[in-house]
Structures are given as C-alpha cells and as structure tokens.
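Colleague: mmCIF, C-alpha atoms, saved as data_39.cif, coming up:
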data_final
loop_
_atom_site.label_atom_id
_atom_site.label_comp_id
_atom_site.auth_asym_id
_atom_site.auth_seq_id
_atom_site.Cartn_x
_atom_site.Cartn_y
_atom_site.Cartn_z
CA MET A 1 146.70 72.62 96.22
CA VAL A 2 147.89 76.10 96.99
CA ALA A 3 150.87 76.88 94.81
CA ALA A 4 154.23 77.38 96.45
CA PRO A 5 155.60 80.88 95.94
CA ALA A 6 156.76 81.44 92.39
CA ALA A 7 160.52 81.23 92.34
CA ARG A 8 161.48 83.61 89.55
CA HIS A 9 164.84 84.58 90.91
CA PRO A 10 167.42 81.80 90.25
CA ARG A 11 168.57 82.13 93.86
CA ALA A 12 164.99 81.69 95.03
CA GLN A 13 164.76 78.52 92.96
CA GLN A 14 167.89 77.31 94.72
CA VAL A 15 166.29 78.06 98.06
CA MET A 16 163.09 76.20 97.15
CA ALA A 17 165.13 73.21 95.97
CA ALA A 18 167.01 73.21 99.28
CA LEU A 19 163.76 73.43 101.28
CA ASP A 20 162.43 70.51 99.27
CA GLN A 21 165.24 68.46 100.81
CA VAL A 22 164.21 69.33 104.37
CA MET A 23 161.97 66.53 105.58
CA ASP A 24 159.37 66.55 108.30
CA PRO A 25 161.23 64.68 111.07
CA GLU A 26 158.07 62.71 111.82
CA MET A 27 157.26 61.94 108.18
CA PRO A 28 160.51 61.08 106.39
CA GLY A 29 160.22 61.56 102.65
CA VAL A 30 157.74 64.42 102.99
CA SER A 31 159.37 67.82 102.67
CA LEU A 32 158.39 71.27 103.89
CA VAL A 33 157.62 72.18 100.28
CA ALA A 34 155.43 69.09 99.77
CA LEU A 35 153.54 69.88 102.98
CA GLY A 36 152.79 73.35 101.63
CA MET A 37 154.55 75.01 104.56
CA VAL A 38 156.52 77.55 102.50
CA HIS A 39 154.66 80.85 102.52
CA ALA A 40 157.28 83.22 101.09
CA VAL A 41 160.91 83.35 100.10
CA ASP A 42 162.60 86.72 99.88
CA VAL A 43 166.12 86.71 98.49
CA GLY A 44 168.15 89.84 99.10
CA ARG A 45 171.71 90.53 98.07
CA GLU A 46 173.12 89.22 101.32
CA ARG A 47 170.15 87.98 103.29
CA ILE A 48 167.53 85.37 102.72
CA HIS A 49 164.18 85.60 104.45
CA ILE A 50 161.89 82.60 104.51
CA SER A 51 158.46 82.48 106.10
CA LEU A 52 156.88 79.15 106.87
CA LEU A 53 153.35 78.20 107.93
CA PRO A 54 153.12 75.93 110.97
CA THR A 55 150.96 72.86 110.28
CA PHE A 56 149.81 72.88 113.91
CA VAL A 57 150.74 75.78 116.19
CA GLY A 58 151.95 73.48 118.97
CA CYS A 59 153.88 71.05 116.76
CA PRO A 60 157.16 70.30 118.59
CA ALA A 61 158.94 69.62 115.27
CA LEU A 62 158.74 73.27 114.20
CA ASP A 63 162.06 74.30 115.76
CA VAL A 64 163.83 71.26 114.30
CA MET A 65 162.50 72.08 110.83
CA ARG A 66 163.55 75.70 111.17
CA ALA A 67 167.12 74.72 112.11
CA GLN A 68 167.31 72.22 109.26
CA ALA A 69 165.97 74.77 106.79
CA VAL A 70 168.69 77.26 107.74
CA LYS A 71 171.36 74.61 107.34
CA ALA A 72 170.07 73.30 104.00
CA VAL A 73 169.65 76.77 102.50
CA SER A 74 173.08 77.85 103.69
CA GLN A 75 174.71 74.81 102.11
CA ALA A 76 172.85 75.27 98.83
CA THR A 77 173.46 79.01 98.45
CA GLY A 78 176.71 79.65 100.34
CA VAL A 79 174.95 82.34 102.38
CA GLU A 80 176.08 82.37 106.02
CA PRO A 81 173.52 80.79 108.43
CA HIS A 82 173.20 84.00 110.43
CA GLU A 83 172.07 85.82 107.28
CA ILE A 84 169.22 83.36 106.78
CA VAL A 85 166.06 84.17 108.67
CA VAL A 86 163.41 81.47 108.88
CA GLU A 87 160.25 82.49 110.70
CA TYR A 88 156.81 81.05 111.23
CA THR A 89 153.84 83.18 110.28
CA SER A 90 150.08 82.95 110.61
CA ALA A 91 149.58 85.38 107.72
CA VAL A 92 147.41 82.70 106.17
CA PRO A 93 146.34 79.61 108.10
CA TRP A 94 147.96 76.38 106.94
CA THR A 95 145.39 73.87 105.78
CA SER A 96 145.82 70.21 104.90
CA ASP A 97 144.59 71.16 101.40
CA ARG A 98 148.10 72.57 100.87
CA VAL A 99 149.68 69.10 100.99
CA ALA A 100 150.94 68.33 97.46
CA PRO A 101 149.50 65.22 95.78
CA SER A 102 153.08 64.49 94.66
CA CYS A 103 153.90 63.31 98.20
CA TYR A 104 150.85 61.06 98.63
CA ARG A 105 152.90 58.03 97.66
CA ALA A 106 155.56 58.85 100.27
CA LEU A 107 152.79 59.14 102.86
CA THR A 108 151.00 55.89 102.01
CA SER A 109 154.26 53.93 101.86
CA ARG A 110 154.68 54.86 105.54
CA GLY A 111 151.16 53.83 106.46
CA ILE A 112 149.70 57.32 106.48
CA ALA A 113 146.59 58.10 104.44
CA PRO A 114 146.72 61.53 102.74
CA PRO A 115 144.28 64.16 104.05
CA PRO A 116 140.80 64.35 102.48
CA ARG A 117 139.71 67.71 101.07
CA VAL A 118 138.55 70.05 103.81
CA THR A 119 134.80 70.61 103.87
CA GLU A 120 132.35 71.53 106.62
CA ASN A 121 131.31 67.87 107.03
CA VAL A 122 134.85 66.62 107.28
CA MET A 123 135.46 68.85 110.27
CA THR A 124 132.54 67.48 112.28
CA GLU A 125 132.64 63.81 111.32
CA MET A 126 135.83 61.94 110.48
CA PRO A 127 135.44 60.74 106.87
CA PRO A 128 136.04 57.16 105.70
CA MET A 129 139.64 56.79 104.56
CA ALA A 130 141.23 54.32 102.17
CA CYS A 131 143.66 52.00 103.93
CA PRO A 132 147.22 52.89 102.87
CA TRP A 133 148.22 49.20 103.13
CA CYS A 134 145.52 47.41 101.12
CA GLY A 135 143.42 50.19 99.61
CA SER A 136 140.16 49.03 101.17
CA THR A 137 137.66 51.66 102.29
CA ASP A 138 136.20 49.29 104.90
CA THR A 139 137.90 51.29 107.64
CA GLU A 140 136.88 53.01 110.85
CA SER A 141 138.11 55.99 112.85
CA GLU A 142 139.71 54.95 116.12
CA GLY A 143 140.28 58.46 117.33
CA VAL A 144 140.69 61.98 116.05
CA PHE A 145 144.01 62.35 117.85
CA GLY A 146 147.08 60.36 116.91
CA PRO A 147 150.81 60.13 117.52
CA THR A 148 151.37 63.68 116.22
CA ALA A 149 149.15 66.75 116.16
CA CYS A 150 148.45 66.40 112.43
CA ARG A 151 147.45 62.72 112.37
CA SER A 152 144.45 60.56 113.40
CA ILE A 153 144.22 56.82 114.04
CA TYR A 154 142.19 54.40 111.87
CA TYR A 155 141.65 50.66 111.66
CA CYS A 156 141.22 48.67 108.47
CA ARG A 157 138.66 45.88 108.78
CA ALA A 158 139.77 44.33 105.49
CA CYS A 159 143.47 43.74 106.21
CA ARG A 160 143.13 44.18 109.99
CA ASN A 161 145.88 46.74 110.29
CA PRO A 162 145.86 50.01 112.15
CA PHE A 163 146.91 53.02 110.12
CA GLU A 164 147.18 56.77 110.42
CA ALA A 165 145.62 59.54 108.39
CA MET A 166 146.51 63.20 108.08
CA LYS A 167 143.78 65.26 109.72
CA PRO A 168 141.73 67.49 107.48
CA VAL A 169 142.24 70.91 108.97
CA MET B 1 145.98 109.02 125.70
CA ALA B 2 143.73 106.96 123.44
CA VAL B 3 146.78 105.12 122.19
CA ASP B 4 147.69 104.21 125.76
CA ARG B 5 144.22 102.87 126.49
CA TYR B 6 144.44 100.88 123.28
CA HIS B 7 147.69 99.24 124.30
CA LEU B 8 146.47 98.61 127.83
CA ALA B 9 143.33 96.93 126.54
CA LEU B 10 145.30 94.85 124.06
CA THR B 11 147.76 93.81 126.77
CA GLU B 12 144.91 92.76 129.07
CA LEU B 13 143.25 90.76 126.31
CA LEU B 14 146.45 88.96 125.28
CA MET B 15 147.24 88.16 128.91
CA GLN B 16 143.82 86.59 129.39
CA LEU B 17 144.22 84.49 126.26
CA ALA B 18 147.80 83.45 127.06
CA ASP B 19 147.22 82.74 130.75
CA ASP B 20 144.00 80.76 130.11
CA ASP B 21 145.76 78.47 127.65
CA LEU B 22 148.94 78.12 129.72
CA VAL B 23 146.98 77.02 132.78
CA VAL B 24 144.51 74.74 131.00
CA ALA B 25 147.39 73.09 129.09
CA THR B 26 149.28 72.48 132.33
CA ARG B 27 146.29 70.88 134.04
CA ALA B 28 145.53 68.77 130.95
CA GLY B 29 149.17 67.69 130.76
CA GLU B 30 148.99 66.37 134.32
CA TRP B 31 146.63 63.67 133.01
CA LEU B 32 149.41 62.10 130.95
CA GLY B 33 149.39 58.38 131.71
CA LEU B 34 146.27 58.68 133.87
CA ALA B 35 143.42 59.09 131.35
CA PRO B 36 140.75 56.34 131.31
CA HIS B 37 142.25 54.44 128.36
CA LEU B 38 145.18 54.54 125.97
CA GLU B 39 143.45 56.33 123.07
CA GLU B 40 142.18 58.94 125.50
CA ASP B 41 145.68 59.40 126.87
CA VAL B 42 146.83 60.17 123.33
CA ALA B 43 143.86 62.46 122.74
CA PHE B 44 144.09 64.43 125.96
CA SER B 45 147.83 64.92 125.69
CA SER B 46 147.38 66.10 122.10
CA ILE B 47 144.87 68.63 123.35
CA ALA B 48 147.30 69.73 126.09
CA GLN B 49 150.03 70.10 123.48
CA ASP B 50 147.76 72.15 121.19
CA GLU B 51 146.77 74.44 124.05
CA MET B 52 150.40 74.98 125.09
CA GLY B 53 151.19 75.87 121.47
CA HIS B 54 148.35 78.38 121.48
CA ALA B 55 149.63 79.84 124.76
CA ALA B 56 153.11 80.23 123.20
CA THR B 57 151.54 82.07 120.25
CA TYR B 58 149.64 84.46 122.52
CA PHE B 59 152.72 85.03 124.70
CA SER B 60 154.72 85.91 121.57
CA LEU B 61 152.08 88.46 120.58
CA LEU B 62 152.06 89.77 124.15
CA ALA B 63 155.85 90.17 124.10
CA THR B 64 155.64 92.40 121.02
CA ILE B 65 153.06 94.67 122.69
CA HIS B 66 154.07 94.57 126.33
CA GLY B 67 157.80 94.10 125.83
CA GLY B 68 159.93 91.37 127.36
CA ASP B 69 160.53 87.76 126.50
CA ARG B 70 157.67 85.33 125.99
CA ASP B 71 159.12 82.70 128.31
CA ASP B 72 159.68 85.28 131.03
CA LEU B 73 156.08 86.41 130.61
CA ALA B 74 154.91 82.82 130.93
CA HIS B 75 157.04 81.81 133.90
CA LEU B 76 158.14 84.82 135.92
CA ARG B 77 154.98 86.89 136.46
CA PRO B 78 153.60 86.62 140.00
CA THR B 79 150.21 85.07 140.72
CA MET B 80 148.46 88.41 141.13
CA ALA B 81 149.57 89.48 137.65
CA ARG B 82 147.84 86.48 136.05
CA ARG B 83 144.58 86.90 134.17
CA ASN B 84 143.33 83.34 133.69
CA SER B 85 139.88 82.25 134.88
CA VAL B 86 139.92 80.74 138.37
CA MET B 87 138.10 77.62 137.13
CA LEU B 88 141.13 76.67 135.04
CA GLU B 89 143.64 76.71 137.90
CA ARG B 90 141.79 74.22 140.13
CA PRO B 91 143.51 70.84 140.58
CA ASN B 92 142.26 67.85 138.60
CA GLY B 93 141.20 66.15 141.82
CA ARG B 94 142.81 64.83 144.97
CA GLY B 95 146.58 64.37 145.06
CA THR B 96 149.06 65.71 142.54
CA TYR B 97 150.40 64.19 139.34
CA ARG B 98 153.58 63.24 141.23
CA ASP B 99 151.94 61.96 144.38
CA GLU B 100 148.80 59.80 144.66
CA PRO B 101 146.87 61.33 141.74
CA HIS B 102 143.21 60.43 142.37
CA PHE B 103 141.97 62.69 139.61
CA ASP B 104 138.37 63.16 138.60
CA TRP B 105 137.80 62.52 134.90
CA ALA B 106 134.24 63.83 134.95
CA TYR B 107 135.51 67.13 136.37
CA ALA B 108 138.22 67.35 133.71
CA LEU B 109 135.58 66.87 131.00
CA ALA B 110 133.15 69.38 132.51
CA ARG B 111 135.87 72.01 132.84
CA HIS B 112 137.20 71.44 129.32
CA PHE B 113 133.71 71.54 127.87
CA PHE B 114 133.03 74.92 129.51
CA TYR B 115 136.41 76.28 128.47
CA ASP B 116 136.38 75.01 124.90
CA THR B 117 132.92 76.45 124.40
CA LEU B 118 134.29 79.79 125.57
CA GLU B 119 137.31 79.49 123.32
CA ILE B 120 135.20 78.96 120.20
CA ALA B 121 132.91 81.88 121.10
CA ARG B 122 135.96 84.07 121.74
CA LEU B 123 137.82 82.96 118.60
CA ASP B 124 134.72 83.61 116.47
CA ARG B 125 135.14 87.24 117.58
CA LEU B 126 138.94 87.40 117.50
CA VAL B 127 139.13 86.47 113.80
CA GLN B 128 137.65 89.97 113.26
CA SER B 129 140.03 91.66 115.71
CA ALA B 130 141.41 95.06 114.78
CA HIS B 131 144.83 93.82 115.91
CA ARG B 132 145.70 91.99 112.76
CA PRO B 133 148.36 89.60 114.09
CA LEU B 134 145.80 88.45 116.67
CA ALA B 135 143.10 87.98 114.03
CA GLU B 136 145.50 85.88 111.94
CA ALA B 137 146.55 83.73 114.89
CA ALA B 138 142.89 83.26 115.85
CA ALA B 139 142.00 82.00 112.37
CA LYS B 140 144.68 79.33 112.65
CA ILE B 141 143.86 78.38 116.23
CA ARG B 142 140.12 78.14 115.56
CA ARG B 143 140.72 75.40 112.99
CA GLU B 144 142.51 73.32 115.61
CA GLU B 145 139.98 74.00 118.36
CA ARG B 146 137.15 72.44 116.39
CA TYR B 147 138.72 69.05 117.03
CA HIS B 148 138.75 69.71 120.76
CA SER B 149 135.03 70.61 120.77
CA GLN B 150 134.24 67.52 118.75
CA HIS B 151 136.16 65.40 121.25
CA HIS B 152 134.38 66.75 124.32
CA ALA B 153 130.98 66.57 122.60
CA MET B 154 131.61 62.89 121.92
CA TRP B 155 132.37 62.26 125.60
CA LEU B 156 129.27 64.11 126.76
CA ARG B 157 127.10 62.08 124.37
CA ASP B 158 128.61 58.81 125.58
CA ILE B 159 128.20 59.71 129.23
CA ALA B 160 124.60 60.82 128.65
CA ARG B 161 123.88 57.34 127.28
CA GLY B 162 125.81 55.61 130.06
CA GLY B 163 123.10 55.38 132.70
CA ALA B 164 122.19 56.96 136.02
CA GLU B 165 125.58 56.76 137.73
CA TYR B 166 127.35 58.33 134.74
CA ARG B 167 124.79 61.10 134.57
CA ARG B 168 124.95 61.76 138.30
CA ARG B 169 128.74 62.05 138.32
CA LEU B 170 128.81 64.40 135.38
CA GLN B 171 126.18 66.59 137.02
CA ILE B 172 128.36 66.86 140.13
CA ALA B 173 131.33 67.73 137.90
CA LEU B 174 129.36 70.41 136.03
CA ASP B 175 128.30 71.88 139.40
CA ARG B 176 131.87 71.94 140.67
CA ALA B 177 133.28 73.51 137.52
CA ALA B 178 130.49 76.10 137.42
CA ALA B 179 131.13 76.99 141.06
CA ASP B 180 134.38 78.70 139.98
CA ALA B 181 133.27 79.93 136.56
CA VAL B 182 131.78 83.34 137.29
CA ASP B 183 134.80 85.04 135.70
CA LEU B 184 135.20 82.59 132.79
CA ALA B 185 133.30 84.45 130.09
CA SER B 186 134.11 87.90 131.44
CA VAL B 187 136.94 89.96 130.00
CA GLY B 188 137.83 92.13 132.96
CA PRO B 189 137.91 95.86 133.65
CA MET B 190 138.76 96.91 130.08
CA ALA B 191 135.82 95.20 128.38
CA ALA B 192 134.47 98.47 127.01
CA GLU B 193 137.82 99.45 125.45
CA MET B 194 138.29 95.98 123.95
CA GLU B 195 134.97 96.42 122.19
CA THR B 196 135.35 100.08 121.24
CA PHE B 197 138.79 99.56 119.73
CA GLY B 198 137.59 96.42 117.94
CA LEU B 199 140.18 94.24 119.67
CA LEU B 200 137.49 91.79 120.81
CA PRO B 201 134.42 92.65 118.75
CA ASP B 202 131.11 92.31 120.54
CA ALA B 203 132.91 91.70 123.83
CA SER B 204 129.82 92.70 125.80
CA HIS B 205 127.81 89.72 124.51
CA LEU B 206 130.54 87.12 125.03
CA GLY B 207 129.02 85.92 128.31
CA ASP B 208 125.52 85.53 126.86
CA ASP B 209 126.90 83.84 123.78
CA TRP B 210 128.89 81.36 125.88
CA ARG B 211 125.86 80.60 128.03
CA ALA B 212 123.67 80.03 124.97
CA ARG B 213 126.19 77.66 123.42
CA VAL B 214 126.61 75.69 126.64
CA VAL B 215 122.85 75.35 127.08
CA GLN B 216 122.44 74.35 123.44
CA ALA B 217 124.92 71.49 123.94
CA LEU B 218 123.67 70.33 127.36
CA ASP B 219 119.93 70.65 126.87
CA PRO B 220 119.41 67.77 124.37
CA LEU B 221 121.44 65.52 126.70
CA GLY B 222 119.22 66.34 129.68
CA TRP B 223 121.63 68.51 131.65
CA SER B 224 121.29 72.15 132.57
CA LEU B 225 123.87 74.83 133.20
CA PRO B 226 124.32 75.11 136.97
CA PRO B 227 124.48 78.58 138.55
CA LEU B 228 127.90 80.18 138.17
CA GLY B 229 129.74 80.97 141.35
CA GLY B 230 133.05 82.19 142.70
CA THR B 231 134.18 85.04 144.89
CA LEU B 232 137.46 85.62 143.03
CA ASN B 233 137.84 87.15 139.59
CA GLY B 234 140.91 85.94 137.72
CA ARG B 235 140.51 88.69 135.10
CA HIS B 236 141.28 91.13 137.95
CA GLY B 237 144.31 89.13 139.10
CA GLU B 238 142.49 87.40 141.96
CA HIS B 239 143.54 83.78 142.33
CA THR B 240 143.76 80.82 144.65
CA GLN B 241 146.79 79.16 146.18
CA ASP B 242 146.24 76.43 143.55
CA LEU B 243 147.59 78.76 140.85
CA THR B 244 150.65 79.69 142.89
CA LEU B 245 151.50 76.01 143.31
CA LEU B 246 150.86 75.27 139.63
CA LEU B 247 153.17 78.11 138.55
CA ARG B 248 155.80 77.04 141.04
CA ASP B 249 155.93 73.54 139.54
CA LEU B 250 155.60 74.63 135.92
CA GLY B 251 158.37 77.23 136.13
CA GLU B 252 160.72 75.34 138.43
CA VAL B 253 163.23 74.38 135.76
CA TYR B 254 162.95 77.68 133.92
CA ARG B 255 163.62 79.73 137.05
CA SER B 256 166.68 77.64 137.85
CA SER B 257 168.39 79.36 134.92
CA PRO B 258 166.25 81.99 133.16
CA GLY B 259 167.19 82.55 129.55
CA ALA B 260 169.10 79.28 129.25
CA SER B 261 168.70 77.43 125.97
CA TRP B 262 167.57 73.87 126.76
#
Show me, as structure tokens, the structure contained in the file I just sent.
Modeller:
Amino acid sequence: MVAAPAARHPRAQQVMAALDQVMDPEMPGVSLVALGMVHAVDVGRERIHISLLPTFVGCPALDVMRAQAVKAVSQATGVEPHEIVVEYTSAVPWTSDRVAPSCYRALTSRGIAPPPRVTENVMTEMPPMACPWCGSTDTESEGVFGPTACRSIYYCRACRNPFEAMKPV
Amino acid sequence: MAVDRYHLALTELLMQLADDDLVVATRAGEWLGLAPHLEEDVAFSSIAQDEMGHAATYFSLLATIHGGDRDDLAHLRPTMARRNSVMLERPNGRGTYRDEPHFDWAYALARHFFYDTLEIARLDRLVQSAHRPLAEAAAKIRREERYHSQHHAMWLRDIARGGAEYRRRLQIALDRAAADAVDLASVGPMAAEMETFGLLPDASHLGDDWRARVVQALDPLGWSLPPLGGTLNGRHGEHTQDLTLLLRDLGEVYRSSPGASW
C-alpha cells in the first residue's frame, strides 16, 4: 500500500479523520482514505487544500465524493466550505495497489473481492479470484467490465454465486 | 514567436485528443441497450464512459491553454473547428439510436480496434510529453486503455474462430472503417512543432507505429490491413455532415442553457 500523506499537523489529522468518514457512494463502508485516493492535504491558517486521485478518470461518483469531502471537512474543522478546496489531480496515477488491506473485509462483506496486486500478467489476463461469499478459488471471469468502472464480474462455481472484483489497474 | 508556436501546437494536439475521445464516446454510448448481449452492453457502455472521462480530462487541459470553459469547448465549437478523425464520426450503421437503430456490430468493433490501437501508440508517446500535465494525464489514461485493447482483442479472436460468415463480415467492417481512416494516425499541420517541442515525442513515426501494431494484431488471425482512404482530413477541420448531426444531438441540452448547473 502507498501510505496516505503523513498528517503531522493536528488540523491535518482532523482532516484525514473527516475524509475517512466519506464513503464511496458505490461501495458503502469503504472510504476515500481506504481507497488510497488522498494525495495531499495542505492546511493553511484559513484555507484547506485537498488533492484527491481519481480511481477512474470517468467515474461519475467523483463529483459526489468531492462535495461530501468538503462538507465532512467543514463540519470537522469549522472551516467554511468555500475555504475548502478539493481537487482531483493526476500528479501520480491512482492504482488499485493503493487500496488499504484494512478495508478488505468491508469489500468482501458486500460481495466484492479486493484487487489483486498489479503485475504485467494481471493486466493482460484476469487472474483467478477468491469468492467473497464462500472463499473458493474455483471461480471464473465473466467479463472485465462490471457495474462500475473499477469492478469486474466473476462467477463462483463452488457456491454458484456471481460476485464482483476490484479491477487491478 | 517560438512561444506562440508552442502554444498553437499544444492547442492543436489537445483538441485532437479531446475531440477524438468525445466523438468516439458518443458513438459508443449510442450502443447502450443494443449491444449483442447483456455483458457486452455493460462492457461497451463502460468503455464509452471511460472515453468520455478521458475527453473531459483533455478538455480541462485545453481550457487552461486555450482559455474558456471545458464544456463550452466540448459543445459550442462549430464542426469546422473540430479535430477528430473522420472515421470516428461515422454513424454506427443505418438508423439512429432514437429511430430504427440497425447498427453494425462488426463495424463498431473494427473502428474501435483501429482507434484503440492508435490511442495506445499515442499514449506511449504522451507519457513522455514535455507538457507535464498532459504526460501525467496520459499515464493515468493508459492504464485504463489497456482494458479496452484487451476487450477488442478478445472479440477479434472469437470472430476469427467463428467461421466463414463471421470472417467475411469483419473483413467488410475493416474495409469500411479503413475507408475513412487516412487521417486517423496523422497529427495535422503542426506535426513538426509537436515533435520539436517534445509535446508528442516521435510524432513523425506515429503512423508507421500504428500500422505495425494493427498488422501485428490482424496477421495471426488471417486478416490484413485494408488500404486507408478518405478525401477529408479531420485534423485540418474537414468533416462530414455526420459530425454536425452528432454535435447537434450531443449538445442539444447544453445549448438550451449554456453554463447552467444540472
């Protein structure tokens, strides 16, 4: 995992704690911090600047997450919403390797297998995934594309359930 | 003066990237509900969504260089100001998505295969672009595009194994797509500046590189790259009526109240 920005400043810690309460609208229980989307937090005397990494550039949830981040940080710090700037950056590309193992349980409890580590092979051939329902690895890829940009569809032959998996990217 | 040429070349490049993705995303989006099966409907709309996201990224970069608002740049520029390849603006087949859509899936695949191959060849160069925000965006976008290539490669493999009728129809589709593709791997009148300023490194070999990659993918499956044709060059702002109609539909709501927050 890539470490979230070190929050030395007490105010920055407050901001990180607030961002950890902002959930991906399509994956309840998995926060922006857990997804590794927080690139930098800059706390000034009156302004707070937060840069986030988009998981997928065309993800329609990005604007929702931005609005929720502003609201959560404003409530936690007392800083006015218009003094909180949340922007998306491509300064480094987001990769599924940034997803924190601490949220794997939240993912599997919703039927989503956590992403495998990104390697060259993984990008050309979808890897076998453990079924989030029964744990079996007797599963098959049903399609690279799923209900959201960051997820693929799988089928478990053991418990005969479909499930989703976060794409390695 | 050199600074001006730099900005002109960068503007041209960003317009090509933005317009290509805007148009290909729109055509792909018209397949929603019409793809051959449910999983493919999910896949093709995901690809359309990705491409529209990439277009939005390029339009944002364009707005910082060219000035103006990214949505205005996407929706309000006239046809002759557009820089997308002519192949991308062609309809998906007979009819429209609203009225009797008798679309041609083989054509959609052939066109996407040509375009995605170009995108990867272009992104491999753009990650080294001297315009740093573009290089950063390209690194992110390239990761997503690999899934698109994988998807189209899978379809080509399946069709190649499908028998004579499958192979015949795909050949016709490749011919039709290629008939408009003469401008696809070209970068327009400022190619030399794009290369000299390092905006699109090795721009002069983009066409050869694209051709080699296409042949490398088609050859083992028993297809060849048909001759490229077309009398219009989209990189010079030359387009068909098809693009005018596409832009009219795409921007209809936006133009009803520009700048409104929906």
Colleague: Near chain B, which residues of chain A fall within 10 Å when you count only C-alpha atoms, and what do they look like as a PDB file with C-alpha atoms, keeping the file's coordinate frame?
Modeller:
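Done, and the output landed in result38.pdb:
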ATOM      1  CA  LEU A  53     153.350  78.200 107.930  1.00  0.00           C
ATOM      2  CA  PRO A  54     153.120  75.930 110.970  1.00  0.00           C
ATOM      3  CA  THR A  55     150.960  72.860 110.280  1.00  0.00           C
ATOM      4  CA  PHE A  56     149.810  72.880 113.910  1.00  0.00           C
ATOM      5  CA  VAL A  57     150.740  75.780 116.190  1.00  0.00           C
ATOM      6  CA  GLY A  58     151.950  73.480 118.970  1.00  0.00           C
ATOM      7  CA  CYS A  59     153.880  71.050 116.760  1.00  0.00           C
ATOM      8  CA  PRO A  60     157.160  70.300 118.590  1.00  0.00           C
ATOM      9  CA  THR A  89     153.840  83.180 110.280  1.00  0.00           C
ATOM     10  CA  SER A  90     150.080  82.950 110.610  1.00  0.00           C
ATOM     11  CA  ALA A  91     149.580  85.380 107.720  1.00  0.00           C
ATOM     12  CA  VAL A  92     147.410  82.700 106.170  1.00  0.00           C
ATOM     13  CA  PRO A  93     146.340  79.610 108.100  1.00  0.00           C
ATOM     14  CA  TRP A  94     147.960  76.380 106.940  1.00  0.00           C
ATOM     15  CA  THR A  95     145.390  73.870 105.780  1.00  0.00           C
ATOM     16  CA  MET A 123     135.460  68.850 110.270  1.00  0.00           C
ATOM     17  CA  THR A 124     132.540  67.480 112.280  1.00  0.00           C
ATOM     18  CA  GLU A 125     132.640  63.810 111.320  1.00  0.00           C
ATOM     19  CA  GLU A 142     139.710  54.950 116.120  1.00  0.00           C
ATOM     20  CA  GLY A 143     140.280  58.460 117.330  1.00  0.00           C
ATOM     21  CA  VAL A 144     140.690  61.980 116.050  1.00  0.00           C
ATOM     22  CA  PHE A 145     144.010  62.350 117.850  1.00  0.00           C
ATOM     23  CA  GLY A 146     147.080  60.360 116.910  1.00  0.00           C
ATOM     24  CA  PRO A 147     150.810  60.130 117.520  1.00  0.00           C
ATOM     25  CA  THR A 148     151.370  63.680 116.220  1.00  0.00           C
ATOM     26  CA  ALA A 149     149.150  66.750 116.160  1.00  0.00           C
ATOM     27  CA  CYS A 150     148.450  66.400 112.430  1.00  0.00           C
ATOM     28  CA  SER A 152     144.450  60.560 113.400  1.00  0.00           C
ATOM     29  CA  ILE A 153     144.220  56.820 114.040  1.00  0.00           C
ATOM     30  CA  LYS A 167     143.780  65.260 109.720  1.00  0.00           C
ATOM     31  CA  PRO A 168     141.730  67.490 107.480  1.00  0.00           C
ATOM     32  CA  VAL A 169     142.240  70.910 108.970  1.00  0.00           C
TER      33      VAL A 169
END
Colleague: The PyMOL selection byres ((chain B and resi 10) around 10) on the file shown: which residues, as a ChimeraX atom specification?
Modeller: /B:4-9,11-16,61-62,65-66,131,134,190,193-194,197-200
Colleague: Tell me, as a list in words, which residues lie within 7 Å of region 121-123 of chain B, counting only C-alpha atoms; anything in the same chain fewer than 2 positions away does not count.
Modeller: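 After dropping sequence-adjacent residues, the list is Thr117, Leu118, Glu119, Arg125, Leu126, Val127, Ala138, Arg142, Leu206, Asp209 and Trp210 of chain B.
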Colleague: Give as a CSV table (one decimal) with C-alpha atoms, in the coordinates of the input the residues that the PyMOL selection byres ((chain A and resi 113) around 9) matches when applied to the coordinates above.
Modeller:
chain,number,residue,atom,x,y,z
A,104,TYR,CA,150.8,61.1,98.6
A,107,LEU,CA,152.8,59.1,102.9
A,108,THR,CA,151.0,55.9,102.0
A,110,ARG,CA,154.7,54.9,105.5
A,111,GLY,CA,151.2,53.8,106.5
A,112,ILE,CA,149.7,57.3,106.5
A,114,PRO,CA,146.7,61.5,102.7
A,115,PRO,CA,144.3,64.2,104.0
A,116,PRO,CA,140.8,64.4,102.5
A,129,MET,CA,139.6,56.8,104.6
A,130,ALA,CA,141.2,54.3,102.2
A,131,CYS,CA,143.7,52.0,103.9
A,132,PRO,CA,147.2,52.9,102.9
A,163,PHE,CA,146.9,53.0,110.1
A,164,GLU,CA,147.2,56.8,110.4
A,165,ALA,CA,145.6,59.5,108.4
A,166,MET,CA,146.5,63.2,108.1
Colleague: Assuming the chain letters and numbering stay as they are in my file, what does the PyMOL selection byres ((chain A and resi 42) around 10) actually select? List them as a VMD selection string.
Modeller: chain A and resid 5 7 9 11 to 12 15 40 to 41 43 to 44 47 to 51 85
Colleague: Quote the spacing between CA of Arg167 (chain B) and CA of Ser186 (chain B) in Å to one decimal place.
Modeller: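 Computing the Euclidean distance for CA of Arg167 (chain B) and CA of Ser186 (chain B) yields 28.5 Å.
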Colleague: Skip Leu32 (chain A) itself and residues of its chain fewer than 3 positions away, then list as number ranges by chain all residues within 9 Å of it, counting all atoms listed in the file.
Modeller: A: 19-24, 35-38, 52, 65, 69
Colleague: Centre and edge lengths of an axis-aligned box around all listed atoms of region 60-71 of chain A, with 5 Å added on each side, are to be given in Å to one decimal, as JSON.
Modeller:
{"center_x": 164.3, "center_y": 73.4, "center_z": 112.7, "size_x": 24.2, "size_y": 17.6, "size_z": 21.8}
Colleague: Rank nothing, just name the residue among B:Thr231, B:Ala110, B:Tyr115, B:Leu38 nearest to Asp21 (chain B), using all atoms listed in the file.
Modeller: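 When distances to Asp21 (chain B) are compared using all atoms listed in the file, the smallest one comes from B:Tyr115.
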Colleague: Residues proximal to (133.7, 60.6, 128.3) were defined as those with any atom within 12 Å of that point in the file's coordinates, counting all atoms listed in the file. Which are they, as a ChimeraX atom specification?
Modeller: /B:35-37,39-40,43-44,104-110,112-113,150-162,166-167,169-170
Colleague: What does the structure give for the distance between CA of Ala191 (chain B) and CA of Leu73 (chain B), in Å to one decimal?
Modeller: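 CA of Leu73 (chain B) lies at a distance of 22.2 Å from CA of Ala191 (chain B).
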Colleague: Applying 9 Å and all atoms listed in the file, which residues near Val73 (chain A) remain after dropping the ones on its own chain fewer than 2 positions away? List them as a PyMOL selection string.
Modeller: chain A and resi 14-19+48+68-71+75-79+81+84
Colleague: Pick out the closest residue to Asp175 (chain B) from this set: B:Gly234, B:Gly188, B:Pro101, B:Pro227. Count all atoms listed in the file.
Modeller: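 Looking at the shortest contact to Asp175 (chain B), the residue is B:Pro227.
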Colleague: Have a look at B:Asp202, B:Gly68, B:Ala28, B:Val182 and name the one nearest to Gly259 (chain B); count only C-alpha atoms.
Modeller: B:Gly68
Colleague: What does the distance from CA of Ser256 (chain B) to CA of Thr244 (chain B) come to in Å, to one decimal?
Modeller: 16.9 Å
